[in-house]
Amino acid sequence: LKIEQIETFAVRIPRDHNRARGGAGSPGALHASTARYARAVHFGTVYARDFETCLVKITTTSGIVGWGEAQAPVVPEAVQEIIDLLLAPLLLNWEFDTPGEVRDLLYNAMRVRGHFGGFYIDALSAVDIALWDIAGKQAARPVYDLVGTEGKTSLPLYISGLTGTTETEQIASFERYIADGVKAIKVFMAEEPAQLISLLRSLRKLSSTTVCMVDALWRLNLEDAMEFARMVADFDAFWLEAPLVSEDVHGHQKLAAASPVRIAIGESYRTRYEIAPFFETHAMHVLQPDIGRCGITEGMHLSTMAASAGLRIAPHISIGMGPQIAAALHCAANWKHLDYVECNPQIYAIAGQFQSVVFKMSASTITVPDLPGLGIALHEEELSNFSRVRRASLSNFINV
Ligand SMILES: [Mg+2]
């Protein structure tokens with residue numbers, strides 16, 4: 001396989017802010033201002049007003065087209081520039097056999113400068129996903145069939161976030177979901193712990209059987225997290241996600257050892273090297289890789305590590321379009337120890353607007369696409385209307 005052309009799309013799509021509140025990528029109120037980015041008042045993380053992501057389209061000399069995507073909810077142009085100015089010149093006209101071999105080349109190209117995380121690995125991951133799409137199309141097989149042997153095609157899903165800003169609105173959202181047949185729902189601690197506990201108490205009165213996950217959005221210190229874990233365990237929380245700042249290995253280790261509820265982390269880490277200290281110290285129970293941040297190649301490696309450590313696994317799927325969601329599904333199809341796939345209905349709906357084949361799903365399951373490659377097709381022209389598009393040129397790199 002030889003790469004002929006690389007195009008990137010830094011995407012910005014307006015979204016309905018009232019409906020987005022409470023879900024992935026917008027856990028707090030997005031202010032009514034027209035600013036592009038807002039810092040969530042309670043914990044300092046920046047969120048985008050619009051739906052932002054970065055897609056890459058790679059075309060081979062034999063005419064196969066592969067789509068990839070990075071998890072790039074803030075400044076997708078950064079990922080785009082890395083691909084356009086640095087990765088594309090390395091890749092164009094370069095022949096490869098496997099996506100893994102390309103990932104190694106790109107990872108090595110910048111590692112001594114400290115680029116083993118962040119935007120750089122996001123960019124690599126977008127390319128990796130696109131190359132798996134190409135590899136699948138070349139072999140006329142779905143990606144899940146190339147990266148593993150498990151090949152489950154129907155996966156359990158959970159709804160990520162209730163809509164509404166008040167407890168009353170969130171309870172109404174919960175009632176609608178369970179009436180529709182939803183089996184598992186995650187709630188976010190966007191404000192104070194006491195508010196989340198009050199919401200959980202109300203939800204449990206409505207349903208004792210719905211699986212309820214809690215995402216604390218990295219906002220607790222160790223002492224408060226210990227107490228909070230005990231409280232959410234009283235309401236039979238399925239897991240407690242992101243309780244502490246993501247760098248705190250020993251805090252997670254102490255918490256995981258003492259918590260009556262399982263600790264779920266993983267969306268912040270892109271490689272085996274970032275996550276290794278957490279494996280070594282038994283600092284989690286559920287690993288949540290984000291395939292838009294680690295790519296399919298490294299994501300499958302992380303899942304193997306998780307399986308050997310006896311962990312459960314549940315892919316993190318946040319702001320993303322078809323390539324990113326599909327990539328997570330193809331990986332998850334091979335995870336024997338899968339708990340649930342994350343689904344924010346508002347985000348899947350936006351992704352679906354730009355796909356000619358939408359994801360098949362029920363209230364409690366999603367079907368892994370069965371066509372060659374990622375098994376999705378994008379409306380490129382429509383996508384271009386919401387994107388800054390770049391086409392990489394070949395001229396500025398040689399192997400010496
Ligand atoms: Mg999370």
# chains A, B, ... in the order shown; residues from 1 in each chain; ligands from 1
$ residues_around --residues "segment 359-363 of chain A" --least-positions-apart "2" --cutoff "8 Å" --atoms "only C-alpha atoms" --output "VMD selection string"
chain A and resid 157 180 to 183 352 357 365 to 369
$ write_last_selection --atoms "C-alpha atoms" --output "compact mmCIF listing (two decimals), in the first residue's frame"
# COMPACT_ATOMS: atom_id res chain seq x y z
CA LEU A 157 -24.24 0.41 25.36
CA ASP A 180 -37.42 3.61 25.84
CA GLY A 181 -35.67 0.47 27.12
CA VAL A 182 -32.29 1.91 28.11
CA LYS A 183 -30.52 -0.38 30.60
CA GLY A 352 -25.06 10.48 11.80
CA VAL A 357 -24.82 4.66 6.63
CA THR A 365 -27.16 -2.33 22.07
CA ILE A 366 -25.17 -1.09 19.10
CA THR A 367 -24.17 -3.11 16.04
CA VAL A 368 -20.56 -3.10 14.86
CA PRO A 369 -20.48 -2.11 11.15
$ residues_near_ligand --ligand "ligand 1" --cutoff "12 Å" --atoms "only C-alpha atoms and all ligand atoms" --output "ChimeraX atom specification"
/A:22-27,160-161,186-190,213-219,239-246,263-269,286-290,314-319,342-344
$ select_by_dssp --residues "segment 202-348 of chain A" --states "alpha helix (DSSP H)" --output "PyMOL selection string"
chain A and resi 202-206+222-234+249-258+272-280+291-308+322-332+345-348
$ select_by_dssp --residues "segment 229-341 of chain A" --states "strand (DSSP E or B)" --output "PyMOL selection string"
chain A and resi 237-241+263-265+286-287+312-313+338+341
$ write_last_selection --atoms "N, CA and C atoms" --output "JSON list (two decimals), in the first residue's frame"
[["chain", "number", "residue", "atom", "x", "y", "z"],
["A", 237, "ALA", "N", -23.83, 2.15, 42.54],
["A", 237, "ALA", "CA", -23.18, 2.68, 41.32],
["A", 237, "ALA", "C", -22.36, 1.57, 40.67],
["A", 238, "PHE", "N", -22.41, 1.53, 39.35],
["A", 238, "PHE", "CA", -21.73, 0.45, 38.61],
["A", 238, "PHE", "C", -20.22, 0.69, 38.59],
["A", 239, "TRP", "N", -19.84, 1.96, 38.39],
["A", 239, "TRP", "CA", -18.44, 2.35, 38.58],
["A", 239, "TRP", "C", -18.38, 3.82, 38.96],
["A", 240, "LEU", "N", -17.25, 4.20, 39.56],
["A", 240, "LEU", "CA", -16.94, 5.61, 39.81],
["A", 240, "LEU", "C", -15.80, 5.97, 38.87],
["A", 241, "GLU", "N", -16.10, 6.90, 37.96],
["A", 241, "GLU", "CA", -15.15, 7.25, 36.90],
["A", 241, "GLU", "C", -14.43, 8.55, 37.24],
["A", 263, "ILE", "N", -13.36, 1.50, 40.35],
["A", 263, "ILE", "CA", -12.79, 2.75, 39.86],
["A", 263, "ILE", "C", -12.50, 2.59, 38.36],
["A", 264, "ALA", "N", -13.04, 3.53, 37.57],
["A", 264, "ALA", "CA", -12.88, 3.50, 36.11],
["A", 264, "ALA", "C", -12.08, 4.72, 35.67],
["A", 265, "ILE", "N", -10.98, 4.49, 34.95],
["A", 265, "ILE", "CA", -10.20, 5.60, 34.40],
["A", 265, "ILE", "C", -9.64, 5.17, 33.04],
["A", 286, "VAL", "N", -11.57, -0.68, 35.98],
["A", 286, "VAL", "CA", -12.11, -0.64, 34.62],
["A", 286, "VAL", "C", -11.23, 0.31, 33.81],
["A", 287, "LEU", "N", -10.75, -0.14, 32.66],
["A", 287, "LEU", "CA", -9.95, 0.73, 31.79],
["A", 287, "LEU", "C", -10.86, 1.29, 30.69],
["A", 312, "ARG", "N", -11.79, -4.98, 33.71],
["A", 312, "ARG", "CA", -12.85, -4.82, 32.72],
["A", 312, "ARG", "C", -12.46, -3.66, 31.81],
["A", 313, "ILE", "N", -13.18, -3.50, 30.72],
["A", 313, "ILE", "CA", -12.84, -2.43, 29.77],
["A", 313, "ILE", "C", -14.11, -1.84, 29.18],
["A", 338, "LEU", "N", -15.39, -6.73, 27.89],
["A", 338, "LEU", "CA", -16.10, -5.46, 27.68],
["A", 338, "LEU", "C", -17.26, -5.31, 28.65],
["A", 341, "VAL", "N", -20.29, 0.05, 25.86],
["A", 341, "VAL", "CA", -19.82, 1.09, 24.94],
["A", 341, "VAL", "C", -20.52, 2.39, 25.33]]
$ atom_distance --atom1 "atom CA of Tyr273 of chain A" --atom2 "atom CA of Pro99 of chain A"
19.6 Å
$ residues_around --residues "segment 121-127 of chain A" --least-positions-apart "3" --cutoff "9 Å" --atoms "only C-alpha atoms" --output "PyMOL selection string"
chain A and resi 54-58+67-72+78-80+82-83+87+99+102-103+106-107+115-118+130-132+270-271+291-298+323-324
$ residues_around --residues "Phe96 of chain A" --least-positions-apart "3" --cutoff "10 Å" --atoms "only C-alpha atoms" --output "ChimeraX atom specification"
/A:1-3,91,93,99-102,131
$ write_last_selection --atoms "N, CA, C and O atoms" --output "PDB file, in the first residue's frame"
ATOM      1  N   LEU A   1       0.842  -1.193   0.000  1.00  0.00           N
ATOM      2  CA  LEU A   1       0.000   0.000   0.000  1.00  0.00           C
ATOM      3  C   LEU A   1       0.880   1.249   0.000  1.00  0.00           C
ATOM      4  O   LEU A   1       1.803   1.366   0.801  1.00  0.00           O
ATOM      5  N   LYS A   2       0.558   2.158  -0.896  1.00  0.00           N
ATOM      6  CA  LYS A   2       1.342   3.385  -1.020  1.00  0.00           C
ATOM      7  C   LYS A   2       0.395   4.586  -0.890  1.00  0.00           C
ATOM      8  O   LYS A   2      -0.656   4.612  -1.525  1.00  0.00           O
ATOM      9  N   ILE A   3       0.795   5.547  -0.080  1.00  0.00           N
ATOM     10  CA  ILE A   3      -0.087   6.681   0.205  1.00  0.00           C
ATOM     11  C   ILE A   3       0.128   7.796  -0.823  1.00  0.00           C
ATOM     12  O   ILE A   3       1.254   8.249  -1.026  1.00  0.00           O
ATOM     13  N   LEU A  91       4.669  10.538   5.234  1.00  0.00           N
ATOM     14  CA  LEU A  91       3.894   9.377   4.783  1.00  0.00           C
ATOM     15  C   LEU A  91       3.688   9.311   3.278  1.00  0.00           C
ATOM     16  O   LEU A  91       3.564   8.227   2.713  1.00  0.00           O
ATOM     17  N   ASN A  93       3.830   8.884  -0.451  1.00  0.00           N
ATOM     18  CA  ASN A  93       4.679   8.055  -1.315  1.00  0.00           C
ATOM     19  C   ASN A  93       5.404   6.941  -0.574  1.00  0.00           C
ATOM     20  O   ASN A  93       6.237   6.254  -1.136  1.00  0.00           O
ATOM     21  N   PRO A  99      -0.683  -0.986   9.490  1.00  0.00           N
ATOM     22  CA  PRO A  99      -0.815   0.293  10.205  1.00  0.00           C
ATOM     23  C   PRO A  99       0.143   0.384  11.402  1.00  0.00           C
ATOM     24  O   PRO A  99       0.675   1.455  11.694  1.00  0.00           O
ATOM     25  N   GLY A 100       0.407  -0.747  12.052  1.00  0.00           N
ATOM     26  CA  GLY A 100       1.281  -0.741  13.218  1.00  0.00           C
ATOM     27  C   GLY A 100       2.693  -0.293  12.884  1.00  0.00           C
ATOM     28  O   GLY A 100       3.336   0.431  13.640  1.00  0.00           O
ATOM     29  N   GLU A 101       3.150  -0.680  11.716  1.00  0.00           N
ATOM     30  CA  GLU A 101       4.498  -0.299  11.277  1.00  0.00           C
ATOM     31  C   GLU A 101       4.567   1.226  11.036  1.00  0.00           C
ATOM     32  O   GLU A 101       5.558   1.879  11.374  1.00  0.00           O
ATOM     33  N   VAL A 102       3.486   1.795  10.533  1.00  0.00           N
ATOM     34  CA  VAL A 102       3.444   3.246  10.299  1.00  0.00           C
ATOM     35  C   VAL A 102       3.419   3.988  11.634  1.00  0.00           C
ATOM     36  O   VAL A 102       4.121   4.978  11.838  1.00  0.00           O
ATOM     37  N   LEU A 131      -5.555   4.279   8.430  1.00  0.00           N
ATOM     38  CA  LEU A 131      -4.810   3.186   7.791  1.00  0.00           C
ATOM     39  C   LEU A 131      -5.465   1.828   8.049  1.00  0.00           C
ATOM     40  O   LEU A 131      -5.411   0.935   7.201  1.00  0.00           O
TER      41      LEU A 131
END
$ atom_distance --atom1 "atom CA of Ala333 of chain A" --atom2 "atom CA of Pro142 of chain A"
10.9 Å
